[in-house]
Amino acid sequence: MEAAPSQEHGRQHDRRQAGWRPLHDQVLDVSDDDDYNLALDQAGEALSCAGRVVVLSGAGISAESGVPTFREAQTGLWARFSPADLASPEAFAKDPERIWAWYHWRRTLIARGGPNAGHHALAQLAEIKSLQTITQNVDGLHQAAGSRRVAELHGNIWRERCSECDHARLVPMAEAQGDAPVRCRDCGAMMRPAIVWFGEMLPQTALVAADAALAEADCVIVVGTSNQVYPAAALVDTAVAGATPVIEINPQETPVSQHVDHRLAASASRALPDLVARLS
Ligand SMILES: [Zn+2]
């Protein structure tokens with residue numbers, strides 16, 4: 001991703017050297033936009049016919065808010081740890097201060113980015129349609145934009161739960177600060193991030209909600225996910241194999257791109273507002 005701007009500069013430089021003509025480039029751009037607009041018209045029609053809509057979202061939509069993935073956030077002093085050193089029950093039992101420092105660092109990055117136009121467009125869509133979002137993201141940005149029905153397959157970085165009892169709490173994004181672990185108000189044990197760690201099961205309630213929503217959906221939007229990480233990818237496979245129209249939004253091709261009904265090869269922050277605008 002970091003290399004993209006310099007590649008672009010390089011290409012423009014080559015074009016100038018080769019006598020590149022702006023008019024020709026504009027014609028190509030219009031042709032690209034025609035393809036995009038046609039796909040947008042068709043996807044918009046499928047969406048407008050739907051009563052119940054399911055959104056499956058992945059890291060791509062949050063990347064546009066500047067939120068790094070787990071691996072991307074492992075820079076500086078965090079680079080020397082293995083992922084399991086930062087996200088496993090064993091590592092937490094051994095060194096809760098380190099794990100909390102890691103999660104506070106990532107909370108800071110998320111709060112700095114905030115929701116983008118893609119997240120906001122989905123919240124707007126929820127006012128028009130019955131919408132269930134199923135996300136692999138732990139950043140809580142769908143909810144920060146105003147989406148309410150969000151099933152989180154990997155947990156939520158803003159939710160904390162007791163390592164011993166059932167107590168849990170949601171920390172408002174604006175109040176995120178400090179590195180120190182918090183103790184449970186009920187039993188005094190250490191609170192931990194309510195995130196699915198290495199060696200842990202995905203939350204059954206989120207999986208059941210995802211299956212139920214997909215079974216009843218009239219339209220499925222798959223946005224910002226590589227469709228390569230299971231079990232989330234299995235949900236996409238199920239949707240693609242069924243009769244429900246599937247719209248994929250992703251600038252990159254994925255394993256399902258050739259099989260979806262409508263493909264918008266664009267960023268979430270461009271395509272989602274465009275799609276929702278087709279409804280009003
Ligand atoms: Zn407790």
# chains A, B, ... in the order shown; residues from 1 in each chain; ligands from 1
>>> residues_around(residues="Leu214 (chain A)", least_positions_apart="2", cutoff="10 Å", atoms="only C-alpha atoms", output="list of chain:residue names")
A:Arg52, A:Val53, A:Val54, A:Val55, A:Leu56, A:Gln132, A:Ile134, A:Val208, A:Ala209, A:Ala210, A:Asp211, A:Ala212, A:Glu216, A:Ala217, A:Asp218, A:Cys219, A:Val220, A:Leu235, A:Val236, A:Thr238, A:Ala239, A:Gly242, A:Thr244
>>> residues_near_ligand(ligand="ligand 1", cutoff="9 Å", atoms="only C-alpha atoms and all ligand atoms", output="ChimeraX atom specification")
/A:161-168,183-191
>>> closest_residue(among="A:Leu207, A:Val182, A:Ala121, A:Ala232", to="Gly146 (chain A)", atoms="only C-alpha atoms")
A:Ala121
>>> select_by_dssp(residues="region 21-234 of chain A", states="helix (DSSP H, G or I)", output="PyMOL selection string")
chain A and resi 22-49+59-63+70-73+76-78+83-86+89-94+96-113+117-128+141-145+173-175+204-216+232-234
>>> residues_around(residues="Leu38 (chain A)", least_positions_apart="5", cutoff="10 Å", atoms="only C-alpha atoms", output="MDAnalysis selection string")
chainID A and resid 33 43:44 262 264
>>> residues_around(residues="Leu279 (chain A)", least_positions_apart="6", cutoff="9 Å", atoms="only C-alpha atoms", output="PyMOL selection string")
chain A and resi 44-45+47-48+125+128
>>> closest_atom_pairs(of="region 100-218 of chain A", to="region 69-84 of chain A", cutoff="12 Å", atoms="only C-alpha atoms", output="tab-separated table")
residue	atom	partner	partner_atom	distance
A:Ala101	CA	A:Trp78	CA	10.0
A:Trp102	CA	A:Trp78	CA	7.7
A:Tyr103	CA	A:Phe70	CA	10.1
A:His104	CA	A:Ala73	CA	11.7
A:Trp105	CA	A:Ala73	CA	8.7
A:Arg106	CA	A:Ala73	CA	7.1
A:Arg107	CA	A:Ala73	CA	10.8
A:Thr108	CA	A:Ala73	CA	11.1
A:Leu109	CA	A:Ala73	CA	8.7
A:Ile110	CA	A:Thr69	CA	10.5
A:Gln136	CA	A:Thr69	CA	11.2
A:Asn137	CA	A:Thr69	CA	9.1
A:Val138	CA	A:Thr69	CA	10.0
A:Asp139	CA	A:Thr69	CA	10.1
A:Ile157	CA	A:Phe70	CA	11.7
A:Val196	CA	A:Ala84	CA	11.7
A:Trp197	CA	A:Ala84	CA	8.1
A:Phe198	CA	A:Ala84	CA	6.4
A:Gly199	CA	A:Ala84	CA	9.1
A:Glu200	CA	A:Ala84	CA	11.5
>>> select_by_dssp(residues="region 69-192 of chain A", states="strand (DSSP E or B)", output="list of chain:residue names")
A:Ser130, A:Leu131, A:Gln132, A:Thr133, A:Ile134, A:Thr135, A:Val150, A:Ala151, A:Glu152, A:Gly155, A:Asn156, A:Ile157, A:Trp158, A:Arg159, A:Glu160, A:Arg161, A:Cys162, A:Ala168, A:Arg169, A:Leu170, A:Arg183, A:Met190, A:Met191, A:Arg192
